[in-house]
>>> print(open('target-v3.cif').read())   # mmCIF, C-alpha atoms and all ligand atoms
data_start
#
loop_
_atom_site.label_atom_id
_atom_site.label_comp_id
_atom_site.auth_asym_id
_atom_site.auth_seq_id
_atom_site.Cartn_x
_atom_site.Cartn_y
_atom_site.Cartn_z
CA MET A 224 -64.55 83.90 41.53
CA ALA A 225 -64.89 86.53 44.23
CA GLN A 226 -66.63 89.76 43.21
CA PHE A 227 -65.03 92.39 45.42
CA SER A 228 -65.41 96.03 44.67
CA ILE A 229 -62.02 97.60 45.07
CA ALA A 230 -62.16 100.33 47.66
CA HIS A 231 -59.14 101.64 49.46
CA SER A 232 -60.03 99.70 52.58
CA THR A 233 -61.15 96.48 50.88
CA LYS A 234 -59.45 93.41 52.25
CA GLY A 235 -57.96 91.31 49.51
CA THR A 236 -58.13 87.56 49.25
CA LYS A 237 -54.91 86.07 50.57
CA LYS A 238 -53.01 83.02 49.40
CA VAL A 239 -49.76 81.55 50.58
CA LEU A 240 -47.61 81.43 47.48
CA ARG A 241 -43.93 80.47 47.41
CA GLY A 242 -44.02 80.45 51.21
CA ILE A 243 -45.40 83.97 51.74
CA GLU A 244 -48.83 85.56 51.95
CA ILE A 245 -49.90 87.50 48.86
CA ALA A 246 -53.09 89.59 48.89
CA TYR A 247 -54.99 90.16 45.67
CA ASP A 248 -58.34 90.91 44.08
CA ASP A 249 -59.85 88.78 41.36
CA VAL A 250 -62.89 90.44 39.80
CA GLY A 251 -64.96 90.25 36.62
CA SER A 252 -64.92 87.60 33.93
CA GLY A 253 -63.50 87.32 30.42
CA PRO A 254 -59.92 87.43 29.11
CA SER A 255 -57.50 87.97 32.01
CA VAL A 256 -55.68 91.21 32.72
CA VAL A 257 -53.08 91.51 35.51
CA LEU A 258 -52.42 94.99 36.94
CA LEU A 259 -49.08 95.53 38.72
CA HIS A 260 -48.74 98.63 40.89
CA GLY A 261 -45.76 100.96 41.38
CA PHE A 262 -43.56 101.66 44.42
CA PRO A 263 -44.46 102.31 47.22
CA PHE A 264 -48.13 101.91 46.37
CA ASN A 265 -50.58 99.02 46.49
CA ARG A 266 -53.32 97.45 44.41
CA SER A 267 -55.81 100.20 45.27
CA MET A 268 -54.03 102.46 42.76
CA TRP A 269 -55.82 100.54 39.99
CA ARG A 270 -59.36 101.21 41.25
CA GLU A 271 -60.48 103.23 38.20
CA GLN A 272 -58.97 100.73 35.75
CA VAL A 273 -60.58 97.78 37.55
CA GLU A 274 -63.98 99.43 37.47
CA GLU A 275 -63.62 100.04 33.73
CA LEU A 276 -62.15 96.70 32.68
CA ARG A 277 -64.16 94.35 34.91
CA GLN A 278 -67.18 94.75 32.64
CA ASN A 279 -65.58 92.46 30.04
CA HIS A 280 -62.46 91.06 31.65
CA ARG A 281 -61.18 89.09 34.58
CA ILE A 282 -58.88 91.42 36.48
CA ILE A 283 -56.19 90.14 38.82
CA VAL A 284 -54.64 92.80 41.04
CA PRO A 285 -52.00 91.70 43.56
CA ASP A 286 -50.26 93.63 46.27
CA LEU A 287 -46.68 92.88 45.27
CA ARG A 288 -44.47 91.56 48.09
CA GLY A 289 -43.42 94.30 50.51
CA HIS A 290 -46.57 96.32 49.75
CA GLY A 291 -50.17 96.62 50.89
CA GLU A 292 -51.51 93.53 52.63
CA SER A 293 -48.87 91.17 51.23
CA ALA A 294 -45.93 89.87 53.23
CA VAL A 295 -42.73 91.77 53.80
CA THR A 296 -39.75 89.50 53.21
CA PRO A 297 -36.18 89.85 54.45
CA GLY A 298 -33.52 90.72 51.89
CA PRO A 299 -34.03 92.56 48.61
CA ALA A 300 -37.46 92.01 47.02
CA THR A 301 -36.22 91.54 43.47
CA MET A 302 -38.28 92.12 40.34
CA GLU A 303 -37.85 88.42 39.50
CA SER A 304 -39.18 87.34 42.91
CA MET A 305 -42.28 89.49 42.34
CA ALA A 306 -42.69 88.10 38.81
CA LEU A 307 -42.48 84.56 40.20
CA ASP A 308 -45.13 85.47 42.81
CA VAL A 309 -47.40 86.68 40.00
CA ALA A 310 -46.78 83.48 38.02
CA ALA A 311 -47.62 81.37 41.09
CA LEU A 312 -50.79 83.38 41.65
CA LEU A 313 -51.89 82.90 38.03
CA GLU A 314 -51.20 79.19 38.30
CA THR A 315 -53.40 78.77 41.37
CA LEU A 316 -56.13 80.75 39.60
CA ASN A 317 -55.82 78.51 36.51
CA ILE A 318 -54.89 81.40 34.25
CA SER A 319 -52.44 80.30 31.58
CA ARG A 320 -52.18 83.56 29.61
CA ALA A 321 -52.96 87.18 30.40
CA THR A 322 -52.37 90.78 29.50
CA ILE A 323 -49.68 91.95 31.93
CA ALA A 324 -49.83 95.66 32.70
CA GLY A 325 -47.45 97.43 35.07
CA LEU A 326 -46.84 101.01 36.08
CA SER A 327 -43.32 102.10 36.99
CA MET A 328 -41.97 99.35 39.30
CA GLY A 329 -44.93 97.30 38.09
CA GLY A 330 -43.46 97.77 34.61
CA TYR A 331 -40.08 96.44 35.82
CA VAL A 332 -41.96 93.40 37.15
CA ALA A 333 -43.92 93.05 33.88
CA LEU A 334 -40.63 93.00 31.93
CA ALA A 335 -39.17 90.44 34.37
CA PHE A 336 -42.34 88.34 33.93
CA TYR A 337 -42.05 88.52 30.15
CA ARG A 338 -38.40 87.45 30.29
CA LEU A 339 -39.32 84.45 32.42
CA PHE A 340 -42.64 83.46 30.82
CA PRO A 341 -43.03 85.03 27.35
CA LEU A 342 -45.65 82.49 26.31
CA ARG A 343 -47.88 83.43 29.22
CA VAL A 344 -48.09 87.05 28.08
CA ARG A 345 -50.94 87.78 25.67
CA SER A 346 -50.00 91.46 25.57
CA LEU A 347 -47.92 93.91 27.60
CA VAL A 348 -48.73 97.36 28.94
CA LEU A 349 -45.73 99.39 30.15
CA ALA A 350 -46.84 102.59 31.87
CA ASP A 351 -44.53 105.31 33.22
CA THR A 352 -41.62 102.92 33.36
CA ARG A 353 -38.20 102.39 31.84
CA PRO A 354 -35.94 99.55 30.73
CA GLN A 355 -32.63 100.77 32.17
CA GLU A 356 -30.99 99.51 35.33
CA ASP A 357 -30.08 101.97 38.09
CA THR A 358 -26.91 104.02 37.81
CA GLU A 359 -24.41 103.72 40.68
CA GLU A 360 -25.68 107.06 41.97
CA ALA A 361 -29.30 105.88 41.88
CA LYS A 362 -28.33 102.68 43.74
CA GLN A 363 -26.74 104.75 46.49
CA ALA A 364 -29.81 106.98 46.68
CA ARG A 365 -32.01 103.87 47.03
CA GLU A 366 -29.87 102.66 49.95
CA GLN A 367 -30.10 106.06 51.64
CA GLN A 368 -33.88 106.05 51.14
CA ALA A 369 -34.12 102.52 52.55
CA GLU A 370 -32.19 103.54 55.66
CA LYS A 371 -34.27 106.68 56.06
CA ALA A 372 -37.53 104.68 55.78
CA LEU A 373 -36.31 102.20 58.41
CA LYS A 374 -35.14 104.94 60.78
CA GLU A 375 -37.85 107.57 60.35
CA GLY A 376 -40.86 105.85 58.77
CA MET A 377 -42.66 106.72 55.55
CA GLU A 378 -43.81 110.32 56.15
CA GLY A 379 -40.48 111.81 55.04
CA ILE A 380 -40.39 109.49 52.03
CA ALA A 381 -43.88 110.71 51.06
CA ASP A 382 -42.82 114.37 51.39
CA ALA A 383 -39.77 113.78 49.23
CA MET A 384 -41.53 111.67 46.60
CA LEU A 385 -44.84 113.47 46.05
CA PRO A 386 -43.53 116.47 44.09
CA LYS A 387 -41.65 114.07 41.79
CA LEU A 388 -44.56 111.67 41.37
CA LEU A 389 -47.31 114.10 40.41
CA SER A 390 -47.41 116.85 37.80
CA PRO A 391 -47.69 120.49 39.00
CA GLU A 392 -51.27 120.50 37.59
CA THR A 393 -52.23 117.48 39.66
CA VAL A 394 -50.71 118.98 42.80
CA ALA A 395 -52.56 122.27 42.22
CA GLU A 396 -55.91 120.94 41.03
CA ARG A 397 -56.45 117.39 42.29
CA PRO A 398 -56.13 117.32 46.09
CA GLU A 399 -57.93 113.96 46.22
CA VAL A 400 -55.25 112.36 44.02
CA VAL A 401 -52.47 113.89 46.14
CA ARG A 402 -54.16 112.53 49.28
CA ARG A 403 -54.65 109.09 47.80
CA VAL A 404 -51.03 108.76 46.66
CA ARG A 405 -49.79 110.02 50.03
CA GLU A 406 -51.99 107.50 51.87
CA MET A 407 -50.59 104.63 49.81
CA ILE A 408 -47.02 105.72 50.56
CA VAL A 409 -47.46 106.19 54.31
CA GLY A 410 -49.48 102.95 54.47
CA THR A 411 -46.48 100.97 53.19
CA GLU A 412 -44.43 99.21 55.88
CA PRO A 413 -40.95 100.80 56.14
CA GLU A 414 -39.41 97.30 56.12
CA GLY A 415 -41.33 96.51 52.94
CA ALA A 416 -40.24 99.77 51.29
CA ALA A 417 -36.61 99.12 52.24
CA SER A 418 -36.64 95.59 50.83
CA VAL A 419 -38.22 96.79 47.57
CA LEU A 420 -35.79 99.72 47.22
CA ARG A 421 -32.94 97.23 47.58
CA GLY A 422 -34.64 94.93 45.06
CA MET A 423 -35.04 97.73 42.51
CA ALA A 424 -31.38 98.67 42.97
CA VAL A 425 -30.25 95.24 41.74
CA ARG A 426 -32.64 94.93 38.81
CA LYS A 427 -31.37 93.91 35.39
CA ASP A 428 -30.96 96.26 32.49
CA ASN A 429 -33.62 95.34 29.93
CA THR A 430 -32.64 97.77 27.18
CA SER A 431 -31.06 95.21 24.89
CA PHE A 432 -33.87 92.75 25.61
CA LEU A 433 -36.60 95.06 24.28
CA SER A 434 -36.09 94.11 20.62
CA ARG A 435 -36.89 90.48 21.57
CA ILE A 436 -40.38 91.34 22.78
CA ILE A 437 -42.93 90.07 20.29
CA ALA A 438 -46.09 90.47 22.39
CA PRO A 439 -48.34 93.36 21.33
CA THR A 440 -47.21 96.22 23.57
CA LEU A 441 -48.80 99.47 24.68
CA ILE A 442 -46.54 102.12 26.21
CA LEU A 443 -48.21 104.88 28.22
CA VAL A 444 -46.53 107.86 29.86
CA GLY A 445 -47.48 111.18 31.42
CA SER A 446 -46.19 114.18 29.43
CA LYS A 447 -44.81 115.56 32.72
CA ASP A 448 -43.42 112.32 34.14
CA ALA A 449 -40.32 113.49 36.02
CA LEU A 450 -39.19 110.03 37.20
CA THR A 451 -39.44 108.02 33.99
CA PRO A 452 -39.58 110.77 31.37
CA VAL A 453 -41.18 110.54 27.94
CA ALA A 454 -37.73 109.86 26.42
CA ASP A 455 -37.63 106.47 28.21
CA SER A 456 -40.98 105.54 26.69
CA GLU A 457 -39.83 106.71 23.27
CA LEU A 458 -36.81 104.44 23.62
CA MET A 459 -39.06 101.46 24.48
CA HIS A 460 -41.35 102.34 21.55
CA ARG A 461 -38.38 102.41 19.14
CA GLU A 462 -37.05 99.07 20.35
CA ILE A 463 -40.26 97.05 20.78
CA GLY A 464 -41.44 96.18 17.28
CA GLY A 465 -45.03 97.21 16.52
CA SER A 466 -45.51 98.85 19.92
CA ARG A 467 -47.99 101.67 20.43
CA LEU A 468 -46.99 104.81 22.38
CA ARG A 469 -49.53 107.17 23.90
CA ILE A 470 -48.65 110.26 25.93
CA MET A 471 -51.10 111.46 28.61
CA GLU A 472 -51.04 115.26 28.44
CA GLY A 473 -50.62 116.95 31.81
CA ALA A 474 -50.02 113.76 33.79
CA GLY A 475 -46.92 113.08 35.86
CA HIS A 476 -45.58 109.67 36.88
CA VAL A 477 -48.87 108.23 38.18
CA SER A 478 -50.72 108.74 34.91
CA ASN A 479 -53.40 106.11 35.61
CA LEU A 480 -54.63 108.23 38.53
CA GLU A 481 -53.80 111.69 37.24
CA ARG A 482 -55.52 111.17 33.87
CA SER A 483 -57.57 108.06 34.47
CA GLU A 484 -60.04 108.74 31.65
CA ASP A 485 -57.30 109.11 29.02
CA PHE A 486 -55.43 106.14 30.47
CA ASN A 487 -58.55 103.94 30.45
CA ARG A 488 -59.51 104.93 26.93
CA GLU A 489 -56.08 103.92 25.57
CA LEU A 490 -55.96 100.76 27.67
CA VAL A 491 -59.41 99.56 26.59
CA LYS A 492 -58.75 100.38 22.94
CA PHE A 493 -55.46 98.48 23.01
CA ILE A 494 -56.93 95.43 24.73
CA ASN A 495 -59.87 95.39 22.31
CA ASP A 496 -57.53 95.69 19.32
CA VAL A 497 -55.40 92.81 20.59
CA GLU A 498 -58.49 90.66 21.12
CA ALA A 499 -60.09 91.56 17.76
C1 LIG A 501 -42.38 103.64 41.05
O1 LIG A 501 -43.22 104.54 40.90
O2 LIG A 501 -42.67 102.45 41.01
C2 LIG A 501 -40.96 104.06 41.36
O3 LIG A 501 -40.82 105.42 41.24
C3 LIG A 501 -39.98 103.34 40.47
C4 LIG A 501 -38.57 103.66 40.80
O4 LIG A 501 -38.29 104.22 41.88
O5 LIG A 501 -37.68 103.33 39.99
#
>>> encode(input="target-v3.cif", output="C-alpha cells", more="lines below")
Ligand code: MLT
Amino acid sequence: MAQFSIAHSTKGTKKVLRGIEIAYDDVGSGPSVVLLHGFPFNRSMWREQVEELRQNHRIIVPDLRGHGESAVTPGPATMESMALDVAALLETLNISRATIAGLSMGGYVALAFYRLFPLRVRSLVLADTRPQEDTEEAKQAREQQAEKALKEGMEGIADAMLPKLLSPETVAERPEVVRRVREMIVGTEPEGAASVLRGMAVRKDNTSFLSRIIAPTLILVGSKDALTPVADSELMHREIGGSRLRIMEGAGHVSNLERSEDFNRELVKFINDVEA
C-alpha cells in the first residue's frame, strides 16, 4: 500500500475504473475508512482527518469524478455514478467493508453508496449534509451556476460560495482556511463543476429511506452551517435509529476544516466505539 502524505499538491495514485481515471490516496493500515469530499472541493480537504486516522486505519480518499485529478465526464455526474466509482475502487483495493464518511455532496454519495451496497458499509458518517432532493428553485439555480462556471470560470463561483460555506468566525479569524477552500474551488475544472451541479440537481430524495439505515451512524454539523443547517442533521438523527448527532460550535458548512480538532475527536470516538 502506498504511503503518501496528503499535501495539497500531492499527486494521487490513479486507476482506470468504469472507463474513467479516478485519483485517490490510500494510506495507513487497519480497518478501512473512506472519506468523500464535498462540492467543488477535492480529496485534500481531508488532510487533517487523514493525518489523525492513518495511525490506526487504512484511509481511502478519492477525488470524486469531476473534481481534483479525476476525470471530468460528459453529462450529469450523478451521486450513483460516484458511489459506483467508489465501489469499484474498493473492489480493486480488496476492501469488502468500510466506514463511509462524506461531507455535504460526499454525504449524498455516502447515502447513495449505502442504498446500493448496505452490506459493504461498516458505519456511516454524514457531515454537513442533508437527505432531501433539490427543490425546483434549487435545480434552476444549479443550472444557472453550471452555465456561469462554463462561461466565466470558477472565480465567480468561489466569490459567491465562500460566504455561504464558512462561518463569519472562520472568515474573520482563519484566513488560511478561507484560502484553502478558495483554492479548491478555483482548482476545479468548470466542466467538472457543471457536470456535478447537474448531477446533484437530479439526486434522489433520501428522507423516507433514512429509517431503513441500520449501520451505526454519526451525524456531524457546524452550528452555523448555512447550506445544510442543523435542522437537516436533526431530521437525519430522528430518522436514523441509534444515530449520534454532534454539533461543532462556531463552524459553518466545512466543519472538518473549520473545527478540525472537534471534528476529529468525534470521528475517532465514533469509529473506536463502533470497533469496540
Ligand atoms: C457541498 O458542499 O458539497 C455542496 O454545497 C452541496 C450542495 O450544493 O448541495
>>> residues_near_ligand(input="target-v3.cif", ligand="ligand LIG 501 (chain A)", cutoff="6 Å", atoms="all atoms listed in the file", output="number ranges by chain")
A: 261-262, 327-328
>>> closest_atom_pairs(input="target-v3.cif", of="stretch 327-407 of chain A", to="stretch 267-270 of chain A", cutoff="10 Å", atoms="only C-alpha atoms", output="Markdown table")
| residue | atom | partner | partner_atom | distance |
| --- | --- | --- | --- | --- |
| A:Arg403 | CA | A:Met268 | CA | 8.4 |
| A:Val404 | CA | A:Met268 | CA | 8.0 |
| A:Met407 | CA | A:Met268 | CA | 8.1 |
>>> closest_residue(input="target-v3.cif", among="A:Leu326, A:Val295, A:Val257, A:Leu450", to="A:Ala310", atoms="only C-alpha atoms")
A:Val257
>>> closest_residue(input="target-v3.cif", among="A:Ser304, A:Gly251, A:Glu484, A:Ala311", to="A:Val239", atoms="all atoms listed in the file")
A:Ala311
>>> closest_residue(input="target-v3.cif", among="A:Ala454, A:Val491, A:Met459, A:Val419", to="A:Phe264", atoms="all atoms listed in the file")
A:Val419
>>> closest_residue(input="target-v3.cif", among="A:Ile442, A:Val477, A:Val453, A:Ala306", to="A:Phe493", atoms="all atoms listed in the file")
A:Ile442
>>> atom_distance(input="target-v3.cif", atom1="atom CA of A:Glu275", atom2="atom CA of A:Asn479")
12.0 Å
>>> residues_around(input="target-v3.cif", residues="A:Tyr247", least_positions_apart="2", cutoff="6 Å", atoms="only C-alpha atoms", output="number ranges by chain")
A: 235-236, 284-286
>>> residues_around(input="target-v3.cif", residues="A:Pro299", least_positions_apart="2", cutoff="6 Å", atoms="only C-alpha atoms", output="PDB file with C-alpha atoms, in the frame of the given file")
ATOM      1  CA  THR A 301     -36.220  91.540  43.470  1.00  0.00           C
ATOM      2  CA  SER A 418     -36.640  95.590  50.830  1.00  0.00           C
ATOM      3  CA  ARG A 421     -32.940  97.230  47.580  1.00  0.00           C
ATOM      4  CA  GLY A 422     -34.640  94.930  45.060  1.00  0.00           C
TER       5      GLY A 422
END
>>> closest_residue(input="target-v3.cif", among="A:Glu457, A:Asp448, A:Glu392, A:Asp248", to="A:Asp351", atoms="all atoms listed in the file")
A:Asp448
>>> atom_distance(input="target-v3.cif", atom1="atom CA of A:Val409", atom2="atom CA of A:Gly376")
8.0 Å
>>> closest_residue(input="target-v3.cif", among="A:Ile283, A:Ala350, A:Met302, A:Ile380", to="A:Leu443", atoms="all atoms listed in the file")
A:Ala350
>>> residues_around(input="target-v3.cif", residues="A:Asn429", least_positions_apart="2", cutoff="9 Å", atoms="all atoms listed in the file", output="list in words")
Tyr331, Leu334, Ala335, Arg353, Pro354, Gln355, Glu356, Arg426, Lys427, Ser431, Phe432 and Leu433 of chain A
>>> atom_distance(input="target-v3.cif", atom1="atom CA of A:Ala361", atom2="atom CA of A:Phe336")
23.3 Å
>>> residues_around(input="target-v3.cif", residues="A:Ile282", least_positions_apart="5", cutoff="8 Å", atoms="only C-alpha atoms", output="PyMOL selection string")
chain A and resi 248-252+255-258+273+276-277
>>> residues_around(input="target-v3.cif", residues="A:Thr358", least_positions_apart="5", cutoff="10 Å", atoms="all atoms listed in the file", output="ChimeraX atom specification")
/A:363-364,424
